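Have a look at entry-v6.cif; it's mmCIF, C-alpha atoms:
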```cif
data_structure
loop_
_atom_site.label_atom_id
_atom_site.label_comp_id
_atom_site.auth_asym_id
_atom_site.auth_seq_id
_atom_site.Cartn_x
_atom_site.Cartn_y
_atom_site.Cartn_z
CA MET A 109 -29.82 123.64 151.63
CA ALA A 110 -31.59 125.58 148.89
CA ASP A 111 -29.37 124.03 146.21
CA HIS A 112 -30.01 120.56 147.63
CA GLU A 113 -33.75 121.10 147.68
CA HIS A 114 -33.70 122.43 144.10
CA ALA A 115 -31.72 119.38 142.94
CA ALA A 116 -34.14 117.04 144.74
CA ARG A 117 -37.14 118.74 143.14
CA TRP A 118 -35.58 118.49 139.69
CA ALA A 119 -34.81 114.78 140.19
CA ALA A 120 -38.34 114.08 141.44
CA GLU A 121 -39.85 115.89 138.44
CA ALA A 122 -37.52 114.08 136.01
CA ILE A 123 -38.50 110.69 137.41
CA ARG A 124 -42.18 111.68 137.36
CA ARG A 125 -41.89 112.50 133.65
CA LEU A 126 -40.15 109.23 132.87
CA ASP A 127 -42.68 107.21 134.86
CA ALA A 128 -45.59 109.04 133.24
CA GLU A 129 -44.22 108.23 129.79
CA ARG A 130 -44.14 104.55 130.71
CA GLU A 131 -47.55 104.51 132.40
CA HIS A 132 -49.33 106.29 129.55
CA ALA A 133 -47.81 104.11 126.84
CA PRO A 134 -50.12 101.32 125.60
CA PRO A 135 -48.69 97.79 125.49
CA THR A 136 -46.82 97.12 122.27
CA PRO A 137 -48.89 94.71 120.14
CA LEU A 138 -48.32 91.09 119.21
CA VAL A 139 -47.96 90.34 115.49
CA ARG A 140 -48.56 86.80 114.28
CA PHE A 141 -46.17 85.45 111.69
CA PRO A 142 -48.18 83.06 109.48
CA LEU A 143 -47.25 79.39 109.64
CA PRO A 144 -49.16 76.47 108.07
CA GLY A 145 -52.15 75.70 110.27
CA ASP A 146 -51.51 71.96 110.44
CA TRP A 147 -48.13 72.48 112.14
CA ASP A 148 -49.76 73.19 115.53
CA VAL A 149 -47.04 75.75 116.22
CA THR A 150 -47.78 79.48 116.59
CA LEU A 151 -45.16 82.18 116.03
CA TRP A 152 -45.70 85.61 117.63
CA PHE A 153 -43.60 88.77 117.49
CA LYS A 154 -44.01 91.51 120.07
CA ASP A 155 -43.73 94.72 118.07
CA GLU A 156 -41.35 97.00 119.98
CA SER A 157 -41.21 99.32 116.95
CA ALA A 158 -44.55 100.68 118.20
CA HIS A 159 -42.68 102.83 120.75
CA PRO A 160 -42.36 106.56 119.97
CA THR A 161 -38.71 106.07 118.97
CA GLY A 162 -39.55 103.02 116.86
CA ASN A 163 -37.26 100.46 118.43
CA LEU A 164 -36.59 97.95 121.20
CA LYS A 165 -34.11 100.26 122.96
CA HIS A 166 -36.86 102.63 124.06
CA ARG A 167 -37.57 100.81 127.35
CA ALA A 168 -33.89 100.40 128.16
CA ALA A 169 -33.14 104.06 127.50
CA ARG A 170 -35.97 105.18 129.78
CA ALA A 171 -34.82 102.80 132.54
CA LEU A 172 -31.21 103.92 132.15
CA PHE A 173 -32.10 107.61 132.52
CA ARG A 174 -34.36 106.87 135.48
CA HIS A 175 -31.61 104.94 137.26
CA SER A 176 -29.03 107.63 136.45
CA VAL A 177 -31.24 110.38 137.87
CA ALA A 178 -32.20 108.36 140.96
CA SER A 179 -28.56 107.55 141.72
CA GLY A 180 -27.39 111.14 141.23
CA ARG A 181 -25.26 110.44 138.15
CA VAL A 182 -27.49 112.79 136.12
CA THR A 183 -28.68 116.08 137.55
CA GLU A 184 -30.23 119.21 136.07
CA GLY A 185 -28.27 120.31 133.00
CA THR A 186 -25.92 117.31 133.00
CA SER A 187 -24.46 116.59 129.58
CA VAL A 188 -24.87 112.92 128.67
CA VAL A 189 -22.53 110.83 126.51
CA GLU A 190 -23.06 107.28 125.26
CA ALA A 191 -21.19 104.71 123.18
CA THR A 192 -23.74 103.27 120.77
CA GLY A 193 -24.11 102.41 117.14
CA GLY A 194 -27.84 101.90 116.68
CA GLY A 195 -31.34 102.54 117.94
CA ALA A 196 -30.13 103.24 121.47
CA ALA A 197 -28.83 106.62 120.33
CA LEU A 198 -32.25 107.63 119.03
CA SER A 199 -34.07 106.46 122.17
CA GLN A 200 -31.57 108.10 124.50
CA ALA A 201 -31.71 111.36 122.57
CA TYR A 202 -35.50 111.27 122.95
CA PHE A 203 -35.33 111.00 126.74
CA ALA A 204 -32.46 113.49 127.01
CA ARG A 205 -34.62 116.03 125.19
CA MET A 206 -37.55 115.20 127.52
CA LEU A 207 -35.34 116.08 130.50
CA GLY A 208 -33.63 119.07 128.85
CA LEU A 209 -30.19 117.45 128.83
CA PRO A 210 -27.45 117.81 126.17
CA TYR A 211 -26.73 114.44 124.53
CA THR A 212 -23.88 113.06 122.41
CA ALA A 213 -23.72 109.58 120.86
CA VAL A 214 -20.27 108.18 120.08
CA MET A 215 -20.79 105.83 117.14
CA PRO A 216 -18.43 103.33 115.49
CA GLY A 217 -17.36 103.85 111.90
CA ALA A 218 -16.80 106.66 109.43
CA PRO A 219 -18.91 109.83 109.66
CA ASP A 220 -22.39 109.08 108.31
CA PRO A 221 -24.86 111.98 108.07
CA ALA A 222 -27.77 109.59 107.49
CA ARG A 223 -27.11 107.77 110.77
CA ALA A 224 -26.60 111.02 112.65
CA ALA A 225 -29.67 112.83 111.29
CA PRO A 226 -32.36 111.19 113.51
CA VAL A 227 -30.32 111.92 116.64
CA LYS A 228 -29.71 115.51 115.60
CA GLU A 229 -33.41 115.99 114.88
CA LEU A 230 -33.99 115.26 118.57
CA GLY A 231 -31.39 117.82 119.60
CA GLY A 232 -28.51 115.41 120.11
CA ASP A 233 -25.07 115.27 118.57
CA CYS A 234 -22.96 112.44 117.12
CA CYS A 235 -19.28 111.74 116.71
CA PHE A 236 -17.81 108.77 114.86
CA VAL A 237 -14.70 106.77 115.72
CA THR A 238 -12.77 103.78 114.41
CA PRO A 239 -12.00 100.99 115.15
CA PRO A 240 -15.31 99.81 116.67
CA LEU A 241 -13.81 98.95 120.06
CA ALA A 242 -12.64 102.55 120.41
CA VAL A 243 -16.18 103.81 121.09
CA TYR A 244 -15.99 102.92 124.79
CA GLU A 245 -12.71 104.73 125.41
CA GLU A 246 -13.73 107.75 123.33
CA ALA A 247 -17.08 108.10 125.11
CA ARG A 248 -15.39 107.88 128.50
CA ARG A 249 -12.69 110.39 127.44
CA LEU A 250 -15.29 112.82 126.10
CA ALA A 251 -17.30 112.59 129.32
CA ASP A 252 -14.20 113.12 131.47
CA ASP A 253 -13.01 116.09 129.40
CA THR A 254 -16.37 117.87 129.46
CA GLY A 255 -17.67 116.87 132.88
CA ALA A 256 -20.49 114.86 131.29
CA CYS A 257 -22.10 111.63 132.47
CA TYR A 258 -21.05 108.56 130.49
CA LEU A 259 -24.27 106.52 130.60
CA ASP A 260 -22.43 103.27 129.74
CA GLN A 261 -25.43 101.17 128.71
CA PHE A 262 -23.24 98.10 128.31
CA THR A 263 -22.55 98.09 132.04
CA TRP A 264 -25.78 99.52 133.44
CA ALA A 265 -28.67 98.49 131.16
CA GLU A 266 -28.82 94.94 132.52
CA ARG A 267 -29.12 96.30 136.07
CA THR A 268 -31.73 98.92 135.29
CA LEU A 269 -34.17 97.18 132.92
CA ASP A 270 -37.05 95.81 134.99
CA TRP A 271 -37.58 92.05 134.98
CA ARG A 272 -39.95 91.62 137.93
CA GLY A 273 -43.13 92.18 136.01
CA ASP A 274 -44.21 95.67 134.96
CA ASP A 275 -42.23 96.26 131.78
CA LEU A 276 -41.26 94.14 128.76
CA ALA A 277 -41.23 90.73 130.46
CA GLY A 278 -44.43 91.13 132.44
CA GLU A 279 -46.21 92.84 129.55
CA LEU A 280 -45.23 90.11 127.11
CA PHE A 281 -46.21 87.13 129.26
CA GLY A 282 -49.44 88.90 130.24
CA GLN A 283 -50.46 89.09 126.57
CA LEU A 284 -50.02 85.37 125.95
CA ALA A 285 -52.54 82.63 126.72
CA GLY A 286 -49.80 80.67 128.43
CA PRO A 287 -46.01 80.37 128.63
CA PRO A 288 -44.43 79.81 125.21
CA ALA A 289 -42.10 76.93 124.48
CA TRP A 290 -39.34 79.28 123.34
CA LEU A 291 -38.54 82.97 123.58
CA VAL A 292 -36.07 84.17 120.92
CA VAL A 293 -34.09 87.43 121.20
CA GLY A 294 -30.82 88.92 120.04
CA ALA A 295 -28.17 90.48 122.26
CA GLY A 296 -26.86 94.03 122.01
CA THR A 297 -26.12 95.22 125.52
CA GLY A 298 -27.41 91.88 126.84
CA ALA A 299 -30.09 93.62 128.92
CA THR A 300 -33.11 92.25 127.05
CA SER A 301 -32.05 88.62 127.26
CA ALA A 302 -31.04 89.11 130.91
CA SER A 303 -34.37 90.66 131.92
CA LEU A 304 -36.42 88.03 130.10
CA GLY A 305 -34.25 85.20 131.42
CA ARG A 306 -34.58 86.45 134.98
CA HIS A 307 -38.35 86.73 134.63
CA ILE A 308 -38.56 83.16 133.35
CA ARG A 309 -36.43 81.83 136.20
CA SER A 310 -38.05 83.88 138.97
CA HIS A 311 -41.56 82.80 137.95
CA GLY A 312 -40.64 79.15 137.41
CA LEU A 313 -41.84 79.19 133.81
CA PRO A 314 -41.19 76.26 131.43
CA THR A 315 -40.19 78.69 128.65
CA ARG A 316 -36.69 78.29 127.28
CA LEU A 317 -34.60 81.27 126.18
CA ALA A 318 -32.74 81.28 122.87
CA VAL A 319 -30.35 84.05 121.85
CA VAL A 320 -29.56 84.58 118.17
CA ASP A 321 -26.18 85.99 117.19
CA PRO A 322 -24.96 87.49 113.89
CA GLU A 323 -21.57 87.11 112.26
CA ASN A 324 -18.50 88.69 113.91
CA SER A 325 -20.18 88.83 117.32
CA ALA A 326 -18.38 87.67 120.46
CA TYR A 327 -21.47 86.38 122.26
CA PHE A 328 -21.77 82.90 120.72
CA PRO A 329 -18.09 81.93 121.04
CA GLY A 330 -17.98 83.44 124.50
CA TRP A 331 -21.08 81.46 125.51
CA VAL A 332 -19.73 78.20 124.10
CA THR A 333 -16.26 78.51 125.62
CA GLY A 334 -17.29 80.17 128.87
CA ALA A 335 -14.78 82.97 128.19
CA HIS A 336 -16.43 86.08 129.62
CA ASP A 337 -13.69 88.28 128.14
CA TYR A 338 -14.01 86.90 124.59
CA ALA A 339 -13.59 89.54 121.89
CA THR A 340 -13.57 89.54 118.09
CA GLY A 341 -12.85 93.25 117.65
CA MET A 342 -15.08 93.20 114.56
CA PRO A 343 -18.29 95.18 113.95
CA SER A 344 -21.65 93.58 113.25
CA ARG A 345 -23.38 94.28 109.96
CA ILE A 346 -26.72 93.70 111.68
CA GLU A 347 -27.57 96.93 113.46
CA GLY A 348 -28.56 96.68 117.11
CA ILE A 349 -27.22 93.20 117.91
CA GLY A 350 -23.86 91.48 118.04
CA ARG A 351 -20.89 92.98 119.82
CA PRO A 352 -17.10 92.91 119.23
CA ARG A 353 -16.64 91.85 122.85
CA MET A 354 -18.59 90.06 125.58
CA GLU A 355 -20.45 92.85 127.35
CA PRO A 356 -20.90 92.76 131.15
CA GLY A 357 -24.67 92.98 130.76
CA PHE A 358 -24.90 89.65 128.93
CA LEU A 359 -25.64 86.80 131.35
CA PRO A 360 -24.76 83.48 129.64
CA SER A 361 -26.11 81.36 132.51
CA LEU A 362 -29.69 82.43 131.65
CA VAL A 363 -29.45 81.31 128.02
CA ASP A 364 -30.64 77.80 127.11
CA LEU A 365 -29.54 77.90 123.48
CA MET A 366 -27.62 80.16 121.14
CA VAL A 367 -28.18 80.13 117.39
CA THR A 368 -25.66 81.66 115.01
CA VAL A 369 -27.28 83.33 112.01
CA PRO A 370 -25.49 84.27 108.78
CA ASP A 371 -25.93 87.96 108.01
CA ALA A 372 -27.38 87.20 104.58
CA ALA A 373 -29.97 84.99 106.30
CA SER A 374 -30.92 87.91 108.56
CA VAL A 375 -31.50 90.06 105.47
CA ALA A 376 -33.58 87.35 103.78
CA ALA A 377 -35.67 86.82 106.89
CA ALA A 378 -36.29 90.56 107.36
CA ARG A 379 -37.62 90.65 103.81
CA ALA A 380 -39.74 87.54 104.44
CA PHE A 381 -41.24 89.20 107.52
CA ARG A 382 -42.15 92.27 105.48
CA ALA A 383 -43.69 90.10 102.74
CA ALA A 384 -45.80 88.20 105.29
CA THR A 385 -46.90 91.09 107.52
CA GLY A 386 -46.34 94.30 105.57
CA CYS A 387 -43.98 95.59 108.28
CA PRO A 388 -40.53 96.77 107.01
CA VAL A 389 -38.40 95.45 109.86
CA GLY A 390 -34.69 95.83 110.44
CA GLY A 391 -31.97 93.22 110.22
CA SER A 392 -32.08 92.27 113.90
CA THR A 393 -35.72 91.27 113.54
CA GLY A 394 -34.67 89.15 110.58
CA THR A 395 -32.09 87.47 112.81
CA ASN A 396 -34.86 86.78 115.32
CA LEU A 397 -37.12 85.31 112.64
CA TRP A 398 -34.41 83.02 111.30
CA GLY A 399 -33.70 81.69 114.79
CA ALA A 400 -37.42 81.32 115.51
CA LEU A 401 -37.96 79.30 112.32
CA HIS A 402 -35.02 77.09 113.31
CA LEU A 403 -36.82 76.30 116.59
CA VAL A 404 -40.19 75.85 114.89
CA ALA A 405 -38.56 73.27 112.60
CA ALA A 406 -37.12 71.40 115.59
CA MET A 407 -40.57 71.35 117.25
CA ARG A 408 -42.11 69.99 114.06
CA GLU A 409 -39.54 67.24 113.83
CA ARG A 410 -40.31 66.18 117.41
CA GLY A 411 -44.07 66.43 116.88
CA GLU A 412 -44.40 69.15 119.52
CA ARG A 413 -47.19 71.69 119.76
CA GLY A 414 -46.69 75.11 121.24
CA THR A 415 -45.76 78.74 120.76
CA VAL A 416 -42.54 80.51 119.86
CA VAL A 417 -42.27 84.22 120.63
CA SER A 418 -39.76 86.83 119.49
CA LEU A 419 -39.49 90.60 119.08
CA VAL A 420 -39.77 93.16 116.31
CA CYS A 421 -36.75 95.26 117.25
CA ASP A 422 -37.21 98.13 114.80
CA ALA A 423 -39.16 99.00 111.68
CA GLY A 424 -39.76 101.95 109.42
CA ASP A 425 -38.02 103.95 106.73
CA ARG A 426 -34.44 103.20 107.74
CA PRO A 427 -34.65 99.42 107.07
CA LEU A 428 -36.06 100.22 103.63
CA ARG A 429 -32.73 101.91 102.87
CA THR A 430 -30.67 99.06 104.34
CA VAL A 431 -31.69 95.40 104.57
CA HIS A 432 -34.60 95.79 102.13
CA SER A 433 -32.37 97.44 99.53
CA ASP A 434 -30.56 95.25 97.00
CA GLY A 435 -27.92 97.95 96.58
CA TRP A 436 -27.21 97.99 100.31
CA ALA A 437 -26.89 94.20 100.35
CA ARG A 438 -24.46 94.25 97.43
CA ASP A 439 -22.36 96.93 99.12
CA LYS A 440 -22.18 94.71 102.22
CA ASP A 441 -21.30 91.67 100.05
CA LEU A 442 -24.46 89.85 101.17
CA ASP A 443 -26.50 87.52 98.96
CA PRO A 444 -29.85 86.77 100.64
CA ALA A 445 -31.26 84.78 97.70
CA PRO A 446 -30.26 81.24 98.84
CA PHE A 447 -31.62 81.91 102.33
CA ALA A 448 -34.85 83.38 100.94
CA GLU A 449 -35.34 80.18 98.95
CA ARG A 450 -34.79 78.14 102.09
CA ILE A 451 -37.42 80.14 104.02
CA ASP A 452 -39.96 79.83 101.18
CA ARG A 453 -39.33 76.09 100.86
CA PHE A 454 -39.76 75.57 104.60
CA LEU A 455 -42.99 77.58 104.81
CA ASP A 456 -44.32 75.55 101.87
CA GLY A 457 -43.89 72.40 103.97
CA GLY A 458 -40.36 71.43 103.05
CA PRO A 459 -37.55 70.57 105.43
CA TRP A 460 -35.43 73.08 107.34
CA GLU A 461 -32.08 71.98 105.99
#
```
Could you spell out this file's structure in structure tokens?
Amino acid sequence: MADHEHAARWAAEAIRRLDAEREHAPPTPLVRFPLPGDWDVTLWFKDESAHPTGNLKHRAARALFRHSVASGRVTEGTSVVEATGGGAALSQAYFARMLGLPYTAVMPGAPDPARAAPVKELGGDCCFVTPPLAVYEEARRLADDTGACYLDQFTWAERTLDWRGDDLAGELFGQLAGPPAWLVVGAGTGATSASLGRHIRSHGLPTRLAVVDPENSAYFPGWVTGAHDYATGMPSRIEGIGRPRMEPGFLPSLVDLMVTVPDAASVAAARAFRAATGCPVGGSTGTNLWGALHLVAAMRERGERGTVVSLVCDAGDRPLRTVHSDGWARDKDLDPAPFAERIDRFLDGGPWE
């Protein structure tokens, strides 16, 4: 009985800490991307980089830990393992440290000290595996061998991220004067698009949901063909979005439109966002901007007024070393110049070709 009571007290305190972190956090701000005033279309970005861990995955990581504690998967001292290649590792390491839990991120690719450093600064650990699809099996094996909890964000994040009104979805729509015409997001685990899509449907909003997808990702072909097991087996060059397989957390039925975005266009758009706002965003935000401009152009052609909304997924020093670096782009065999010209031409009043 004493052990049970101790475990219950620890769980209650862990959930209290997680809830307090959410309740004390101010709403992330809206950033306006400048468009010509005579277009009668407004483009907003909700800046999720304002979270303490600097990225969109912060809310999902908090919700995932809360659900894992509440369901008994994580208890006092439980080691936690996750398969992740991007910002989720940083956000999960942050909450693992808050709860005093050992944390290991299993990342795809060759060992990369620069990618591992932010996680290690928060007390976590990283291991790297190839090919990319091996991260799931390796994370599960590591958890089984050590008695750890495999968080498995690709299965659980969609179920744990709130969509009823008091987190991202409710916060976003509460900041707007009215429902936007379009909401544009990328898909990593699929949880963000699922939570926003559910909120739109459950509240009967006229907003349509567009998901942007980078090269090599399985989401667009899976959505088009209806093949829920579609897989490319190839990694995305745009960190945080795109997956080598259709993840169970992605809900295609909630998506009104998918837009494929060339990786070089994502780089060009990330740089255009920085030039317009001063915010050094990552590649996934560039993907969002490219898709948003595509929809703005369609609204212009139809003579529609309205608002398009998307997300700043991450920003800071890391993107300066990646998508904003010409050397990084050359190493990835990406030439953003033609796409940058297309963005400039469009914002000067030209057509979206």
(message) Report, in Å to a single decimal, how far apart atom CA of Arg181 of chain A and atom CA of Phe236 of chain A are.
(response)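 Between atom CA of Phe236 of chain A and atom CA of Arg181 of chain A the gap works out to 24.5 Å.
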(request) Could you tell me how far atom CA of Gly341 of chain A lies from atom CA of Gly391 of chain A, in Å and to one decimal? (result)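 Pair atom CA of Gly341 of chain A / atom CA of Gly391 of chain A returns 20.5 Å.
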Each segment 387-450 of chain A residue no farther than 7 Å from segment 272-294 of chain A, nearest pair in Å, all atoms listed in the file, as a tab-separated table:
```
residue	atom	partner	partner_atom	distance
A:Asn396	CA	A:Val293	CA	6.0
A:Ala400	CA	A:Val292	CA	6.3
A:Gly414	CA	A:Ala289	CA	5.9
A:Thr415	CA	A:Pro288	CA	4.8
A:Val416	CA	A:Trp290	CA	4.9
A:Val417	CA	A:Leu291	CA	4.9
A:Ser418	CA	A:Val292	CA	4.8
A:Leu419	CA	A:Val293	CA	6.6
```
Evaluate the PyMOL selection byres ((chain A and resi 252-265) around 8) here and jot the selected residues down as a PDB file with C-alpha atoms, keeping the file's coordinate frame.
```
ATOM      1  CA  ALA A 168     -33.890 100.400 128.160  1.00  0.00           C
ATOM      2  CA  ALA A 171     -34.820 102.800 132.540  1.00  0.00           C
ATOM      3  CA  LEU A 172     -31.210 103.920 132.150  1.00  0.00           C
ATOM      4  CA  SER A 176     -29.030 107.630 136.450  1.00  0.00           C
ATOM      5  CA  ARG A 181     -25.260 110.440 138.150  1.00  0.00           C
ATOM      6  CA  VAL A 182     -27.490 112.790 136.120  1.00  0.00           C
ATOM      7  CA  THR A 186     -25.920 117.310 133.000  1.00  0.00           C
ATOM      8  CA  SER A 187     -24.460 116.590 129.580  1.00  0.00           C
ATOM      9  CA  VAL A 188     -24.870 112.920 128.670  1.00  0.00           C
ATOM     10  CA  VAL A 189     -22.530 110.830 126.510  1.00  0.00           C
ATOM     11  CA  GLU A 190     -23.060 107.280 125.260  1.00  0.00           C
ATOM     12  CA  ALA A 191     -21.190 104.710 123.180  1.00  0.00           C
ATOM     13  CA  ALA A 247     -17.080 108.100 125.110  1.00  0.00           C
ATOM     14  CA  ARG A 248     -15.390 107.880 128.500  1.00  0.00           C
ATOM     15  CA  ARG A 249     -12.690 110.390 127.440  1.00  0.00           C
ATOM     16  CA  LEU A 250     -15.290 112.820 126.100  1.00  0.00           C
ATOM     17  CA  ALA A 251     -17.300 112.590 129.320  1.00  0.00           C
ATOM     18  CA  GLU A 266     -28.820  94.940 132.520  1.00  0.00           C
ATOM     19  CA  ARG A 267     -29.120  96.300 136.070  1.00  0.00           C
ATOM     20  CA  THR A 268     -31.730  98.920 135.290  1.00  0.00           C
ATOM     21  CA  LEU A 269     -34.170  97.180 132.920  1.00  0.00           C
ATOM     22  CA  THR A 297     -26.120  95.220 125.520  1.00  0.00           C
ATOM     23  CA  GLY A 298     -27.410  91.880 126.840  1.00  0.00           C
ATOM     24  CA  ALA A 299     -30.090  93.620 128.920  1.00  0.00           C
ATOM     25  CA  GLU A 355     -20.450  92.850 127.350  1.00  0.00           C
ATOM     26  CA  PRO A 356     -20.900  92.760 131.150  1.00  0.00           C
ATOM     27  CA  GLY A 357     -24.670  92.980 130.760  1.00  0.00           C
TER      28      GLY A 357
END
```
(request) Pick out the closest residue to Phe141 of chain A from this set: A:Leu455, A:Leu403, A:Glu246, A:Gly330. Count all atoms listed in the file. (result)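 Of A:Leu455, A:Leu403, A:Glu246, A:Gly330, the one nearest Phe141 of chain A, counting all atoms listed in the file, is A:Leu455.
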(message) Let me make sure I understand: among A:Arg450, A:Arg382, A:Arg351, A:Arg410, which one has the smallest atom-to-atom distance to Val243 of chain A if we use only C-alpha atoms?
(response) A:Arg351
(request) Could you tell me which residues the PyMOL selection byres ((chain A and resi 195) around 9) returns for this structure, as a PyMOL selection string? (result) chain A and resi 161-166+192-194+196-200+347-348+422
(request) Please evaluate the PyMOL selection byres ((chain A and resi 329) around 12) against the displayed coordinates and give the resulting residues as a VMD selection string. (result) chain A and resid 321 to 328 330 to 340 350 to 354 360 366 to 368
(request) Provide the atom CA of His159 of chain A to atom CA of Arg429 of chain A distance in Å, to one decimal place. (result)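 Atom-to-atom, atom CA of His159 of chain A and atom CA of Arg429 of chain A are spaced 20.5 Å apart.
If all atoms listed in the file are the atoms counted, then among A:Pro216, A:Gly394, A:Gly312, A:Gly435 the closest residue to Phe153 of chain A is A:Gly394.
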(message) Nearest residue to Arg140 of chain A out of A:Gly231, A:Gly411, A:Gly386, A:Pro210, using only C-alpha atoms?
(response)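 For Arg140 of chain A, the nearest of the given residues is A:Gly386.
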